[in-house]
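Dropping start_15.csv in here (CSV, C-alpha atoms and all ligand atoms):
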chain,number,residue,atom,x,y,z
A,1,MET,CA,0.0,0.0,0.0
A,2,LYS,CA,1.2,3.5,-0.8
A,3,THR,CA,2.2,5.8,2.0
A,4,GLU,CA,-0.5,8.3,1.1
A,5,THR,CA,-3.2,5.6,1.6
A,6,LYS,CA,-1.6,4.4,4.9
A,7,LEU,CA,-1.7,8.0,6.2
A,8,VAL,CA,-5.4,8.5,5.5
A,9,GLN,CA,-6.3,5.1,6.9
A,10,ALA,CA,-4.4,5.8,10.2
A,11,GLY,CA,-6.6,4.6,13.0
A,12,VAL,CA,-9.6,3.9,10.8
A,13,LYS,CA,-11.9,0.9,11.6
A,14,LYS,CA,-10.1,0.0,14.8
A,15,ASP,CA,-13.3,-0.3,16.9
A,16,ALA,CA,-15.1,-3.4,15.7
A,17,ALA,CA,-17.6,-3.2,18.6
A,18,THR,CA,-19.3,0.0,17.3
A,19,GLY,CA,-17.9,0.3,13.7
A,20,ALA,CA,-16.7,3.8,14.6
A,21,LEU,CA,-14.7,5.0,11.6
A,22,SER,CA,-12.2,7.1,13.6
A,23,THR,CA,-10.5,5.4,16.6
A,24,PRO,CA,-12.4,6.5,19.8
A,25,ILE,CA,-10.5,8.4,22.5
A,26,TYR,CA,-10.3,5.8,25.2
A,27,GLN,CA,-10.0,8.2,28.1
A,28,CYS,CA,-9.4,5.4,30.5
A,29,ALA,CA,-6.6,4.6,33.0
A,30,THR,CA,-7.5,1.0,33.8
A,31,PHE,CA,-9.3,-2.0,32.2
A,32,GLU,CA,-11.5,-4.6,33.8
A,33,HIS,CA,-10.1,-8.2,33.8
A,34,PRO,CA,-12.6,-10.9,32.8
A,35,GLU,CA,-11.2,-13.3,35.4
A,36,LEU,CA,-7.9,-14.2,37.1
A,37,GLY,CA,-5.1,-14.7,34.5
A,38,LYS,CA,-7.2,-13.3,31.7
A,39,SER,CA,-6.9,-9.8,30.0
A,40,THR,CA,-8.6,-8.0,27.2
A,41,GLY,CA,-5.1,-7.1,26.0
A,42,PHE,CA,-5.4,-3.8,28.0
A,43,ASP,CA,-4.7,-3.6,31.7
A,44,TYR,CA,-3.4,-0.2,32.5
A,45,SER,CA,-2.9,2.8,30.1
A,46,ARG,CA,0.7,3.4,30.8
A,47,THR,CA,1.4,-0.1,29.4
A,48,ALA,CA,-1.1,0.1,26.6
A,49,ASN,CA,-4.1,2.1,25.6
A,50,PRO,CA,-6.3,1.5,22.5
A,51,THR,CA,-6.1,5.0,21.1
A,52,ARG,CA,-2.3,5.2,21.6
A,53,GLN,CA,-2.0,1.7,20.1
A,54,ALA,CA,-3.8,2.8,16.9
A,55,LEU,CA,-1.2,5.6,16.5
A,56,GLU,CA,1.7,3.3,17.3
A,57,GLU,CA,0.5,0.8,14.7
A,58,ALA,CA,0.1,3.6,12.2
A,59,ILE,CA,3.7,4.9,12.6
A,60,ALA,CA,5.2,1.4,12.6
A,61,ALA,CA,3.4,0.7,9.2
A,62,LEU,CA,4.5,4.1,7.8
A,63,GLU,CA,8.1,3.7,8.7
A,64,GLU,CA,8.1,0.0,7.7
A,65,GLY,CA,9.3,-1.1,11.1
A,66,ASP,CA,8.4,-3.7,13.6
A,67,ARG,CA,6.6,-1.7,16.3
A,68,GLY,CA,5.9,1.9,17.2
A,69,PHE,CA,5.8,3.7,20.5
A,70,ALA,CA,4.2,7.0,21.4
A,71,PHE,CA,5.7,9.3,24.0
A,72,SER,CA,4.7,12.6,25.7
A,73,SER,CA,7.3,14.5,23.6
A,74,GLY,CA,10.1,14.1,21.2
A,75,MET,CA,12.5,14.5,24.1
A,76,ALA,CA,10.7,11.8,26.1
A,77,ALA,CA,11.2,9.5,23.1
A,78,ILE,CA,14.9,10.3,22.8
A,79,THR,CA,15.3,9.9,26.6
A,80,ALA,CA,13.8,6.4,26.5
A,81,ILE,CA,16.2,5.5,23.6
A,82,MET,CA,19.2,6.8,25.6
A,83,PHE,CA,18.4,4.3,28.4
A,84,LEU,CA,19.4,1.5,26.0
A,85,PHE,CA,23.0,2.5,26.7
A,86,LYS,CA,25.2,2.0,29.8
A,87,PRO,CA,28.0,3.9,31.5
A,88,GLY,CA,31.1,3.9,29.3
A,89,ASP,CA,29.2,3.8,26.0
A,90,HIS,CA,30.0,6.3,23.3
A,91,ILE,CA,27.6,7.8,20.8
A,92,ILE,CA,28.4,9.5,17.5
A,93,ILE,CA,25.9,12.1,16.7
A,94,SER,CA,25.4,14.7,14.0
A,95,ASP,CA,27.1,18.0,14.9
A,96,ASP,CA,24.3,20.1,13.5
A,97,LEU,CA,21.3,18.9,15.5
A,98,TYR,CA,18.3,19.8,17.6
A,99,GLY,CA,19.4,21.9,20.6
A,100,GLY,CA,17.3,19.9,23.0
A,101,THR,CA,19.1,16.7,22.1
A,102,TYR,CA,22.5,18.3,22.6
A,103,ARG,CA,21.3,19.6,26.0
A,104,LEU,CA,20.0,16.1,27.1
A,105,LEU,CA,23.2,14.4,26.1
A,106,GLU,CA,25.5,17.0,27.7
A,107,GLU,CA,23.6,18.0,30.8
A,108,THR,CA,22.0,14.7,31.7
A,109,PHE,CA,23.5,11.6,30.1
A,110,ARG,CA,27.1,12.7,30.3
A,111,ILE,CA,26.7,12.6,34.2
A,112,TYR,CA,25.8,8.9,33.8
A,113,GLY,CA,28.9,8.2,31.8
A,114,ILE,CA,27.5,8.2,28.3
A,115,HIS,CA,29.7,10.3,26.1
A,116,ALA,CA,28.7,11.8,22.8
A,117,SER,CA,31.0,13.0,20.0
A,118,TYR,CA,29.5,15.6,17.6
A,119,VAL,CA,30.6,14.7,14.1
A,120,ASP,CA,29.9,16.1,10.7
A,121,THR,CA,28.0,13.0,9.6
A,122,THR,CA,27.8,14.2,5.9
A,123,SER,CA,31.3,12.7,5.9
A,124,ILE,CA,31.4,8.9,6.2
A,125,GLU,CA,35.2,9.2,6.6
A,126,LYS,CA,34.7,11.5,9.7
A,127,ILE,CA,32.2,9.0,11.2
A,128,LYS,CA,34.7,6.2,10.6
A,129,GLN,CA,37.5,8.1,12.3
A,130,SER,CA,35.3,8.8,15.4
A,131,ILE,CA,34.4,5.1,16.0
A,132,THR,CA,36.1,3.7,19.1
A,133,ASP,CA,35.7,0.2,20.7
A,134,ARG,CA,33.1,1.8,23.0
A,135,THR,CA,30.9,3.3,20.2
A,136,ALA,CA,27.5,1.9,20.8
A,137,ALA,CA,25.4,4.0,18.4
A,138,ILE,CA,25.4,6.5,15.5
A,139,PHE,CA,22.6,9.0,15.8
A,140,ILE,CA,21.8,11.2,12.9
A,141,GLU,CA,19.5,14.0,11.9
A,142,THR,CA,19.0,14.4,8.2
A,143,PRO,CA,18.4,17.0,6.9
A,144,SER,CA,20.0,18.5,10.0
A,145,ASN,CA,18.9,21.4,12.1
A,146,PRO,CA,19.3,24.3,11.2
A,147,LEU,CA,21.9,23.9,8.4
A,148,MET,CA,20.0,21.3,6.4
A,149,LYS,CA,23.0,19.0,5.9
A,150,VAL,CA,22.1,15.7,4.4
A,151,THR,CA,23.7,12.4,5.6
A,152,ASP,CA,24.0,9.3,3.5
A,153,LEU,CA,21.6,6.8,5.1
A,154,GLU,CA,22.8,3.7,3.3
A,155,ALA,CA,26.5,4.5,3.9
A,156,VAL,CA,25.9,5.0,7.6
A,157,CYS,CA,24.2,1.7,7.9
A,158,SER,CA,26.8,-0.3,6.1
A,159,LEU,CA,29.5,1.3,8.2
A,160,ALA,CA,27.6,0.6,11.5
A,161,LYS,CA,26.7,-3.0,10.6
A,162,GLY,CA,30.4,-3.9,10.2
A,163,HIS,CA,31.0,-2.7,13.8
A,164,SER,CA,27.7,-3.9,15.4
A,165,ILE,CA,26.7,-0.3,16.2
A,166,LEU,CA,23.1,0.7,16.7
A,167,THR,CA,21.8,3.2,14.1
A,168,ILE,CA,19.2,5.9,15.1
A,169,CYS,CA,17.7,8.5,12.8
A,170,ASP,CA,15.7,11.5,13.9
A,171,ASN,CA,13.2,11.7,11.0
A,172,THR,CA,11.3,14.7,12.2
A,173,PHE,CA,12.2,17.0,9.2
A,174,LEU,CA,11.2,14.7,6.3
A,175,THR,CA,8.7,12.2,7.9
A,176,PRO,CA,8.0,8.7,6.5
A,177,TYR,CA,6.1,10.4,3.6
A,178,LEU,CA,9.4,11.5,2.2
A,179,GLN,CA,12.1,9.4,3.8
A,180,LYS,CA,12.1,5.9,5.4
A,181,PRO,CA,15.4,5.3,7.2
A,182,ILE,CA,14.5,1.7,8.3
A,183,THR,CA,14.3,0.7,4.6
A,184,PHE,CA,18.0,1.6,4.4
A,185,GLY,CA,18.9,-0.5,7.4
A,186,PHE,CA,18.4,1.8,10.4
A,187,ASP,CA,17.5,0.2,13.7
A,188,LEU,CA,15.5,3.0,15.3
A,189,VAL,CA,13.6,6.0,14.0
A,190,VAL,CA,12.6,8.8,16.3
A,191,HIS,CA,10.2,11.7,15.7
A,192,SER,CA,9.0,14.8,17.4
A,193,ALA,CA,5.3,14.4,16.5
A,194,SER,CA,4.9,18.0,17.7
A,195,LYS,CA,6.1,19.0,14.2
A,196,TYR,CA,4.9,17.6,10.8
A,197,LEU,CA,3.1,14.4,12.1
A,198,GLY,CA,0.8,16.4,14.4
A,199,GLY,CA,1.0,19.2,11.8
A,200,HIS,CA,-1.1,21.9,13.4
A,201,ASN,CA,1.0,23.4,16.1
A,202,ASP,CA,-1.4,22.0,18.7
A,203,ILE,CA,0.2,19.0,20.4
A,204,ILE,CA,3.5,17.9,21.9
A,205,GLY,CA,4.4,14.3,21.2
A,206,GLY,CA,7.1,11.9,20.3
A,207,LEU,CA,7.3,8.6,18.4
A,208,VAL,CA,9.8,5.8,18.1
A,209,VAL,CA,9.8,2.9,15.6
A,210,ALA,CA,12.0,-0.1,16.2
A,211,ALA,CA,13.1,-2.1,13.1
A,212,HIS,CA,13.2,-5.6,14.7
A,213,PRO,CA,11.4,-7.5,17.4
A,214,GLU,CA,14.3,-7.8,20.0
A,215,LEU,CA,14.7,-4.0,19.9
A,216,SER,CA,10.9,-3.5,20.1
A,217,GLU,CA,10.9,-5.6,23.2
A,218,LYS,CA,13.5,-3.4,24.8
A,219,ILE,CA,11.7,-0.1,23.8
A,220,ALA,CA,8.4,-1.5,25.1
A,221,LYS,CA,10.0,-2.2,28.5
A,222,LEU,CA,11.5,1.3,28.5
A,223,GLN,CA,8.3,3.0,27.5
A,224,ASN,CA,6.4,1.2,30.3
A,225,GLY,CA,9.3,1.6,32.8
A,226,THR,CA,10.1,5.3,32.2
A,227,GLY,CA,6.4,6.1,31.7
A,228,GLY,CA,6.6,9.2,29.5
A,229,ILE,CA,3.6,8.0,27.4
A,230,LEU,CA,1.4,10.0,25.1
A,231,GLY,CA,-2.2,10.5,26.5
A,232,PRO,CA,-5.3,9.3,24.6
A,233,GLN,CA,-6.4,12.8,23.6
A,234,ASP,CA,-3.1,13.8,22.1
A,235,SER,CA,-2.7,10.3,20.5
A,236,TRP,CA,-6.0,11.0,18.7
A,237,LEU,CA,-4.9,14.5,17.6
A,238,CYS,CA,-1.8,13.0,16.2
A,239,LEU,CA,-3.8,10.3,14.3
A,240,ARG,CA,-6.0,13.1,12.9
A,241,GLY,CA,-2.9,15.0,11.9
A,242,LEU,CA,-1.3,12.0,10.0
A,243,LYS,CA,-4.3,11.8,7.7
A,244,THR,CA,-3.4,15.0,5.9
A,245,LEU,CA,0.4,14.7,6.1
A,246,ALA,CA,0.9,14.0,2.4
A,247,VAL,CA,-1.2,16.9,1.1
A,248,ARG,CA,0.2,19.3,3.7
A,249,MET,CA,3.8,18.2,2.9
A,250,ASP,CA,3.3,18.5,-0.8
A,251,LYS,CA,2.1,22.1,-0.5
A,252,GLN,CA,4.6,23.0,2.2
A,253,GLN,CA,7.6,21.9,0.1
A,254,GLN,CA,6.2,23.6,-3.0
A,255,ASN,CA,6.1,26.8,-1.0
A,256,ALA,CA,9.5,26.3,0.5
A,257,ALA,CA,11.1,25.8,-2.9
A,258,ALA,CA,9.5,29.1,-4.1
A,259,ILE,CA,10.8,31.0,-1.1
A,260,ALA,CA,14.3,29.5,-1.3
A,261,LYS,CA,14.5,30.6,-4.9
A,262,TRP,CA,13.3,34.1,-4.0
A,263,LEU,CA,15.7,34.4,-1.2
A,264,GLU,CA,18.6,33.2,-3.3
A,265,ASN,CA,18.0,36.2,-5.6
A,266,HIS,CA,17.7,38.8,-2.8
A,267,ASP,CA,20.6,41.3,-2.3
A,268,ALA,CA,20.3,41.2,1.4
A,269,VAL,CA,20.8,37.4,1.6
A,270,GLU,CA,24.2,35.9,1.8
A,271,SER,CA,23.3,32.2,1.5
A,272,VAL,CA,20.3,29.9,1.6
A,273,TYR,CA,20.3,26.4,3.0
A,274,TYR,CA,17.6,24.2,1.4
A,275,PRO,CA,18.3,20.6,0.2
A,276,GLY,CA,16.1,21.2,-2.8
A,277,SER,CA,18.4,23.9,-4.3
A,278,SER,CA,20.4,22.4,-7.1
A,279,THR,CA,23.5,24.2,-5.5
A,280,HIS,CA,23.0,22.4,-2.2
A,281,PRO,CA,26.1,20.2,-1.6
A,282,GLN,CA,24.1,17.0,-1.0
A,283,TYR,CA,21.4,17.7,-3.6
A,284,GLU,CA,22.1,14.5,-5.6
A,285,LEU,CA,22.1,12.4,-2.4
A,286,SER,CA,18.7,13.9,-1.4
A,287,VAL,CA,17.2,13.0,-4.7
A,288,ARG,CA,18.6,9.5,-4.3
A,289,GLN,CA,17.4,8.7,-0.8
A,290,SER,CA,14.3,10.8,-0.2
A,291,LYS,CA,11.1,11.5,-2.1
A,292,GLY,CA,11.3,15.2,-1.5
A,293,PHE,CA,13.2,18.0,0.2
A,294,GLY,CA,10.8,19.0,2.9
A,295,ALA,CA,9.8,22.5,3.9
A,296,MET,CA,12.5,23.6,6.3
A,297,LEU,CA,15.0,26.2,5.1
A,298,SER,CA,17.5,28.5,6.7
A,299,PHE,CA,19.1,31.6,5.3
A,300,GLU,CA,22.0,33.9,6.3
A,301,LEU,CA,21.7,37.6,5.9
A,302,LYS,CA,24.6,39.8,5.0
A,303,ASP,CA,23.9,42.1,8.0
A,304,GLU,CA,23.1,41.0,11.5
A,305,ALA,CA,20.6,43.9,12.0
A,306,ALA,CA,18.6,42.6,9.1
A,307,ALA,CA,18.0,39.4,11.0
A,308,ALA,CA,16.6,41.2,14.0
A,309,GLY,CA,14.6,43.5,11.7
A,310,ILE,CA,12.9,40.6,9.9
A,311,LEU,CA,11.9,39.0,13.1
A,312,LYS,CA,10.4,42.4,14.3
A,313,HIS,CA,8.6,43.3,11.0
A,314,VAL,CA,7.1,40.0,9.8
A,315,LYS,CA,3.3,40.2,10.0
A,316,LEU,CA,1.9,37.0,8.5
A,317,ILE,CA,4.8,34.7,9.4
A,318,SER,CA,5.0,34.1,13.2
A,319,PHE,CA,8.3,34.6,15.0
A,320,ALA,CA,8.1,31.4,17.0
A,321,GLU,CA,10.0,28.3,17.8
A,322,SER,CA,8.9,24.9,16.5
A,323,LEU,CA,8.2,23.8,13.0
A,324,GLY,CA,6.2,21.6,10.7
A,325,GLY,CA,2.7,23.0,11.3
A,326,VAL,CA,0.4,24.5,8.7
A,327,GLU,CA,1.3,28.0,9.8
A,328,SER,CA,4.6,29.5,8.7
A,329,LEU,CA,7.1,30.2,11.4
A,330,ILE,CA,10.5,31.9,11.5
A,331,THR,CA,13.0,31.5,14.3
A,332,TYR,CA,16.5,32.7,15.3
A,333,PRO,CA,18.5,29.5,16.1
A,334,ALA,CA,21.4,31.4,17.9
A,335,THR,CA,19.3,32.5,20.9
A,336,GLN,CA,16.3,30.1,20.6
A,337,THR,CA,16.5,26.5,19.4
A,338,HIS,CA,20.3,26.3,19.7
A,339,ALA,CA,20.9,28.6,22.7
A,340,ASP,CA,22.3,25.7,24.8
A,341,ILE,CA,25.2,25.2,22.4
A,342,PRO,CA,28.1,27.4,23.5
A,343,ALA,CA,28.5,30.5,21.2
A,344,ALA,CA,32.0,29.7,20.0
A,345,ILE,CA,31.0,26.2,18.9
A,346,ARG,CA,27.8,27.5,17.4
A,347,GLU,CA,29.7,30.1,15.3
A,348,GLU,CA,32.3,27.6,14.2
A,349,LYS,CA,29.5,25.3,13.0
A,350,GLY,CA,27.9,28.0,11.0
A,351,ILE,CA,25.0,28.8,13.2
A,352,SER,CA,25.7,32.5,13.2
A,353,SER,CA,23.8,35.5,14.5
A,354,ARG,CA,22.9,36.3,10.9
A,355,LEU,CA,21.0,33.0,10.4
A,356,LEU,CA,17.3,32.6,10.4
A,357,ARG,CA,15.4,29.4,10.1
A,358,MET,CA,12.0,29.1,8.5
A,359,SER,CA,9.3,26.4,8.7
A,360,VAL,CA,7.2,27.0,5.6
A,361,GLY,CA,3.4,26.5,6.0
A,362,ILE,CA,0.5,26.0,3.6
A,363,GLU,CA,-0.4,29.7,3.1
A,364,HIS,CA,-0.1,31.0,-0.5
A,365,ALA,CA,3.6,31.4,-1.4
A,366,ASP,CA,3.0,34.9,-2.8
A,367,ASP,CA,1.7,36.1,0.5
A,368,LEU,CA,4.7,34.6,2.4
A,369,ILE,CA,7.1,36.2,-0.1
A,370,LYS,CA,5.3,39.5,0.2
A,371,ASP,CA,5.6,39.4,3.9
A,372,LEU,CA,9.4,38.7,3.8
A,373,GLU,CA,9.8,41.4,1.2
A,374,GLN,CA,8.0,44.1,3.2
A,375,ALA,CA,10.0,43.1,6.3
A,376,LEU,CA,13.3,43.2,4.4
A,377,SER,CA,12.5,46.5,2.8
A,378,LEU,CA,11.9,48.2,6.2
A,379,VAL,CA,15.2,46.8,7.4
A,380,THR,CA,17.2,48.0,4.4
A,381,GLN,CA,15.6,51.5,4.7
A,382,ALA,CA,16.6,51.6,8.3
A,383,VAL,CA,20.2,50.7,7.5
A,384,LEU,CA,20.4,53.4,4.7
A,385,SER,CA,18.9,56.2,6.9
B,1,LIG,C1,11.4,19.5,18.1
B,1,LIG,C2,12.4,18.4,17.9
B,1,LIG,C3,12.8,17.5,18.8
B,1,LIG,C4,12.2,17.5,20.2
B,1,LIG,O1,10.8,17.2,20.2
B,1,LIG,P1,9.7,17.8,21.3
B,1,LIG,O2,8.5,17.2,20.8
B,1,LIG,O3,9.8,19.3,21.2
B,1,LIG,O4,10.1,17.3,22.6
B,1,LIG,C5,13.7,16.5,18.5
B,1,LIG,N1,14.3,16.5,17.3
B,1,LIG,C6,14.0,17.4,16.3
B,1,LIG,C7,14.6,17.4,15.0
B,1,LIG,C8,13.0,18.4,16.6
B,1,LIG,O5,12.7,19.3,15.6
Would you mind giving the structure from this file in C-alpha cells?
Ligand SMILES: *Cc1c(COP(=O)(O)O)cnc(C)c1O
Amino acid sequence: MKTETKLVQAGVKKDAATGALSTPIYQCATFEHPELGKSTGFDYSRTANPTRQALEEAIAALEEGDRGFAFSSGMAAITAIMFLFKPGDHIIISDDLYGGTYRLLEETFRIYGIHASYVDTTSIEKIKQSITDRTAAIFIETPSNPLMKVTDLEAVCSLAKGHSILTICDNTFLTPYLQKPITFGFDLVVHSASKYLGGHNDIIGGLVVAAHPELSEKIAKLQNGTGGILGPQDSWLCLRGLKTLAVRMDKQQQNAAAIAKWLENHDAVESVYYPGSSTHPQYELSVRQSKGFGAMLSFELKDEAAAAGILKHVKLISFAESLGGVESLITYPATQTHADIPAAIREEKGISSRLLRMSVGIEHADDLIKDLEQALSLVTQAVLS
C-alpha cells in the first residue's frame, strides 16, 4: 500500500464493537479483567491504551518497522532510547542537531557516563575516524537542524553493521512520507510528533519505531518503565494530523522551494540552506534517498541587524520556535532552538547571529514572499537612513 493511503487510513476501523470510523478516544486509566489470569489485552494505560496503540501501529506501518511507541514529547522519546545505553558507552551524533538533544546528552546523560561526539555526519570518513571500541550508536538527523546538511543513510548503515553499532535516525524533518530510514537498514527512527506528524502546532508528542522484534521488546520495556507516554487525547490528535500529512507536505515543500528561490536572488541574503536547491552540496544524495526535500530552510543575511529586523517586522509569518505545522514560522537559532550550544561552537559550526530558520506552512507562497519582502525593505531602509 502506498504511504498516502496508509496515512489517510491511520486509526480507521479499529473499533469493531461499534464500527466507529475514527478510533475513539479511550479516556481510560484501567481496564477490567474478565477473570484471574485473563486480560482483554489492555490492563493499565501506561502499558497500553487502544487510542495510543492505533497511533503506534500507524507509525510502525508508515516507517516500515516492527513496532511503534508514542511518548509525551520528542525529548521523552529520545530519553527512552538513551536508556538503551550503559555507562562507558560512546555515541556518535550529527554535529548540526536539535538543541534539546544536545542539552539532554550534555547536561543529563554525560553525568551517567554516556559520552557523545559531535561529528559532521555528511562525511562517512569522519564518522569512521570517530568510532572507538566503545561506540554503541550512530545517531543522525537528516536534513540537519538548522543547516539542512544531508547524511547518506545507506553508507551510515553499512559502516555501522560492520561494527555492530546501533543506528538511530531522527526523521522529524522529512517524515516517513518523504524518507524511510528503516528501509536503508536503520535500527531505530525517532520523531518529534509535535512537528509535521501532528502538523497543526497544537500537540507535543514523540514517536519511536523499532526495526526488529528484540529492539521492540526493549523499547516497550523502557516505555512502560520510564512512563513518558502520550495520552489518549493527544494520540487521537496525532492520528488526525497524520491523515493529511501527504497533502500538507506537498504544499509546504512547494512553498519552501519558491521561497528558497526568491531568497537566493535577494541582495540582502548571503546564503540559503535548502536541500532542494540544485546548488546544495548534497542535492544528488537527497534526490537518491528521499522522495522530496521537505519544507524547512535557513538563510543567512549579510547584515546582523537585518535578521533582527525581519523578526520584528514580519506580520503574517510568526516569530516562534517549533516547525512543521500548517502556519509558517520563523526563528532565530542562535538564541532560541540552539541557545544551549556554546556560542564559540555555534559560530564555528555556521549557526551565526545572521542566520534565520523558516518552517514554511501551507499559506499562499505569494503572501509569504510579500511578507518577507516588506520586512526586508523596512530593514534596508533603516540601514540606509
Ligand atoms: C522538536 C524536535 C525534537 C524534540 O521534540 P519535542 O516534541 O519538542 O520534545 C527533536 N528533534 C527534532 C529534529 C526536533 O525538531
For region 44-53 of chain A, work out the shell of residues within 9 Å, counting only C-alpha atoms and skipping chain neighbours fewer than 3 positions away, then give it as a PDB file with C-alpha atoms, in the frame of the given file.
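File written: result.pdb
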ATOM      1  CA  GLY A  11      -6.600   4.600  13.000  1.00  0.00           C
ATOM      2  CA  LYS A  14     -10.100   0.000  14.800  1.00  0.00           C
ATOM      3  CA  THR A  23     -10.500   5.400  16.600  1.00  0.00           C
ATOM      4  CA  PRO A  24     -12.400   6.500  19.800  1.00  0.00           C
ATOM      5  CA  ILE A  25     -10.500   8.400  22.500  1.00  0.00           C
ATOM      6  CA  TYR A  26     -10.300   5.800  25.200  1.00  0.00           C
ATOM      7  CA  GLN A  27     -10.000   8.200  28.100  1.00  0.00           C
ATOM      8  CA  CYS A  28      -9.400   5.400  30.500  1.00  0.00           C
ATOM      9  CA  ALA A  29      -6.600   4.600  33.000  1.00  0.00           C
ATOM     10  CA  THR A  30      -7.500   1.000  33.800  1.00  0.00           C
ATOM     11  CA  PHE A  31      -9.300  -2.000  32.200  1.00  0.00           C
ATOM     12  CA  GLY A  41      -5.100  -7.100  26.000  1.00  0.00           C
ATOM     13  CA  GLU A  56       1.700   3.300  17.300  1.00  0.00           C
ATOM     14  CA  GLU A  57       0.500   0.800  14.700  1.00  0.00           C
ATOM     15  CA  ALA A  58       0.100   3.600  12.200  1.00  0.00           C
ATOM     16  CA  GLY A  68       5.900   1.900  17.200  1.00  0.00           C
ATOM     17  CA  PHE A  69       5.800   3.700  20.500  1.00  0.00           C
ATOM     18  CA  ALA A  70       4.200   7.000  21.400  1.00  0.00           C
ATOM     19  CA  ALA A 220       8.400  -1.500  25.100  1.00  0.00           C
ATOM     20  CA  LYS A 221      10.000  -2.200  28.500  1.00  0.00           C
ATOM     21  CA  GLN A 223       8.300   3.000  27.500  1.00  0.00           C
ATOM     22  CA  ASN A 224       6.400   1.200  30.300  1.00  0.00           C
ATOM     23  CA  GLY A 225       9.300   1.600  32.800  1.00  0.00           C
ATOM     24  CA  GLY A 227       6.400   6.100  31.700  1.00  0.00           C
ATOM     25  CA  GLY A 228       6.600   9.200  29.500  1.00  0.00           C
ATOM     26  CA  ILE A 229       3.600   8.000  27.400  1.00  0.00           C
ATOM     27  CA  LEU A 230       1.400  10.000  25.100  1.00  0.00           C
ATOM     28  CA  GLY A 231      -2.200  10.500  26.500  1.00  0.00           C
ATOM     29  CA  PRO A 232      -5.300   9.300  24.600  1.00  0.00           C
ATOM     30  CA  GLN A 233      -6.400  12.800  23.600  1.00  0.00           C
ATOM     31  CA  ASP A 234      -3.100  13.800  22.100  1.00  0.00           C
ATOM     32  CA  SER A 235      -2.700  10.300  20.500  1.00  0.00           C
ATOM     33  CA  TRP A 236      -6.000  11.000  18.700  1.00  0.00           C
ATOM     34  CA  LEU A 239      -3.800  10.300  14.300  1.00  0.00           C
TER      35      LEU A 239
END
Could you build a table of the residues in chain A lying no more than 10 Å from ligand LIG 1 (chain B), giving for each the nearest pair of atoms and their separation in Å rounded to one decimal place, using all atoms listed in the file, ordered by chain and ascending residue number, as CSV?
residue,atom,partner,partner_atom,distance
A:Phe71,CA,B:LIG1,O2,9.0
A:Ser72,CA,B:LIG1,O2,7.7
A:Ser73,CA,B:LIG1,O2,4.1
A:Gly74,CA,B:LIG1,O1,3.3
A:Met75,CA,B:LIG1,O4,4.0
A:Ala76,CA,B:LIG1,O4,6.5
A:Ala77,CA,B:LIG1,O4,7.9
A:Ile78,CA,B:LIG1,C5,7.6
A:Thr79,CA,B:LIG1,O4,9.9
A:Leu97,CA,B:LIG1,C7,6.9
A:Tyr98,CA,B:LIG1,C6,5.1
A:Gly99,CA,B:LIG1,N1,8.1
A:Gly100,CA,B:LIG1,C4,6.3
A:Thr101,CA,B:LIG1,C5,6.5
A:Tyr102,CA,B:LIG1,C5,9.9
A:Ile140,CA,B:LIG1,C7,9.7
A:Glu141,CA,B:LIG1,C7,6.7
A:Thr142,CA,B:LIG1,C7,8.6
A:Pro143,CA,B:LIG1,C7,9.0
A:Ser144,CA,B:LIG1,C7,7.4
A:Asn145,CA,B:LIG1,C7,6.5
A:Pro146,CA,B:LIG1,C7,9.2
A:Cys169,CA,B:LIG1,C7,9.7
A:Asp170,CA,B:LIG1,C7,6.1
A:Asn171,CA,B:LIG1,C7,7.1
A:Thr172,CA,B:LIG1,C7,5.1
A:Phe173,CA,B:LIG1,C7,6.3
A:Leu174,CA,B:LIG1,C7,9.7
A:Val190,CA,B:LIG1,N1,7.9
A:His191,CA,B:LIG1,N1,6.5
A:Ser192,CA,B:LIG1,O1,4.1
A:Ala193,CA,B:LIG1,O2,6.0
A:Ser194,CA,B:LIG1,O2,4.8
A:Lys195,CA,B:LIG1,C1,6.6
A:Tyr196,CA,B:LIG1,O5,9.3
A:Ile203,CA,B:LIG1,O2,8.5
A:Ile204,CA,B:LIG1,O2,5.2
A:Gly205,CA,B:LIG1,O2,5.0
A:Gly206,CA,B:LIG1,O2,5.5
A:Leu207,CA,B:LIG1,O2,9.0
A:Glu321,CA,B:LIG1,C1,8.9
A:Ser322,CA,B:LIG1,C1,6.2
A:Leu323,CA,B:LIG1,O5,6.9
A:Gly324,CA,B:LIG1,O5,8.5
A:Thr337,CA,B:LIG1,C1,8.8
- Message: Please report the interatomic distance between CA of Ser117 (chain A) and CA of Ser353 (chain A) in Å with one decimal.
- Response: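 Atom-to-atom, CA of Ser117 (chain A) and CA of Ser353 (chain A) are spaced 24.3 Å apart.
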- Task: For Ile259 (chain A), work out the shell of residues within 10 Å, counting only C-alpha atoms and skipping chain neighbours fewer than 4 positions away, then give it as a PyMOL selection string.
- Result: chain A and resi 253-255+263-265+272+274+295+297+358+360+365-366+368-369+372
Write the selection just made, keeping C-alpha atoms, as a compact mmCIF listing (two decimals), in the coordinates of the input?
# COMPACT_ATOMS: atom_id res chain seq x y z
CA GLN A 253 7.60 21.90 0.10
CA GLN A 254 6.20 23.60 -3.00
CA ASN A 255 6.10 26.80 -1.00
CA LEU A 263 15.70 34.40 -1.20
CA GLU A 264 18.60 33.20 -3.30
CA ASN A 265 18.00 36.20 -5.60
CA VAL A 272 20.30 29.90 1.60
CA TYR A 274 17.60 24.20 1.40
CA ALA A 295 9.80 22.50 3.90
CA LEU A 297 15.00 26.20 5.10
CA MET A 358 12.00 29.10 8.50
CA VAL A 360 7.20 27.00 5.60
CA ALA A 365 3.60 31.40 -1.40
CA ASP A 366 3.00 34.90 -2.80
CA LEU A 368 4.70 34.60 2.40
CA ILE A 369 7.10 36.20 -0.10
CA LEU A 372 9.40 38.70 3.80
- Message: Residues proximal to (-3.8, 32.7, 4.9) were defined as those with any atom within 10 Å of that point in the file's coordinates, counting only C-alpha atoms. Which are they, as a ChimeraX atom specification?
- Response: /A:316-317,326-328,361-365,367-368
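Straight-line separation from CA of Leu237 (chain A) to CA of Gln179 (chain A): 22.5 Å.
Using all atoms listed in the file for every distance, the candidate list A:Leu21, A:Ser298, A:Thr3, A:His163 yields A:Leu21 as the residue closest to Arg240 (chain A).
Distance annotation: of A:Val189, A:Met148, A:Ala305, A:Ala210, the residue with the minimal separation from Leu376 (chain A) is A:Ala305; atom set is all atoms listed in the file.
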- Message: Given the point (32.0, 7.4, 5.6) in the file's coordinates, find the residues that have an atom at most 12 Å from it, counting all atoms listed in the file, and give them as a ChimeraX atom specification.
- Response: /A:119-131,138,151-160
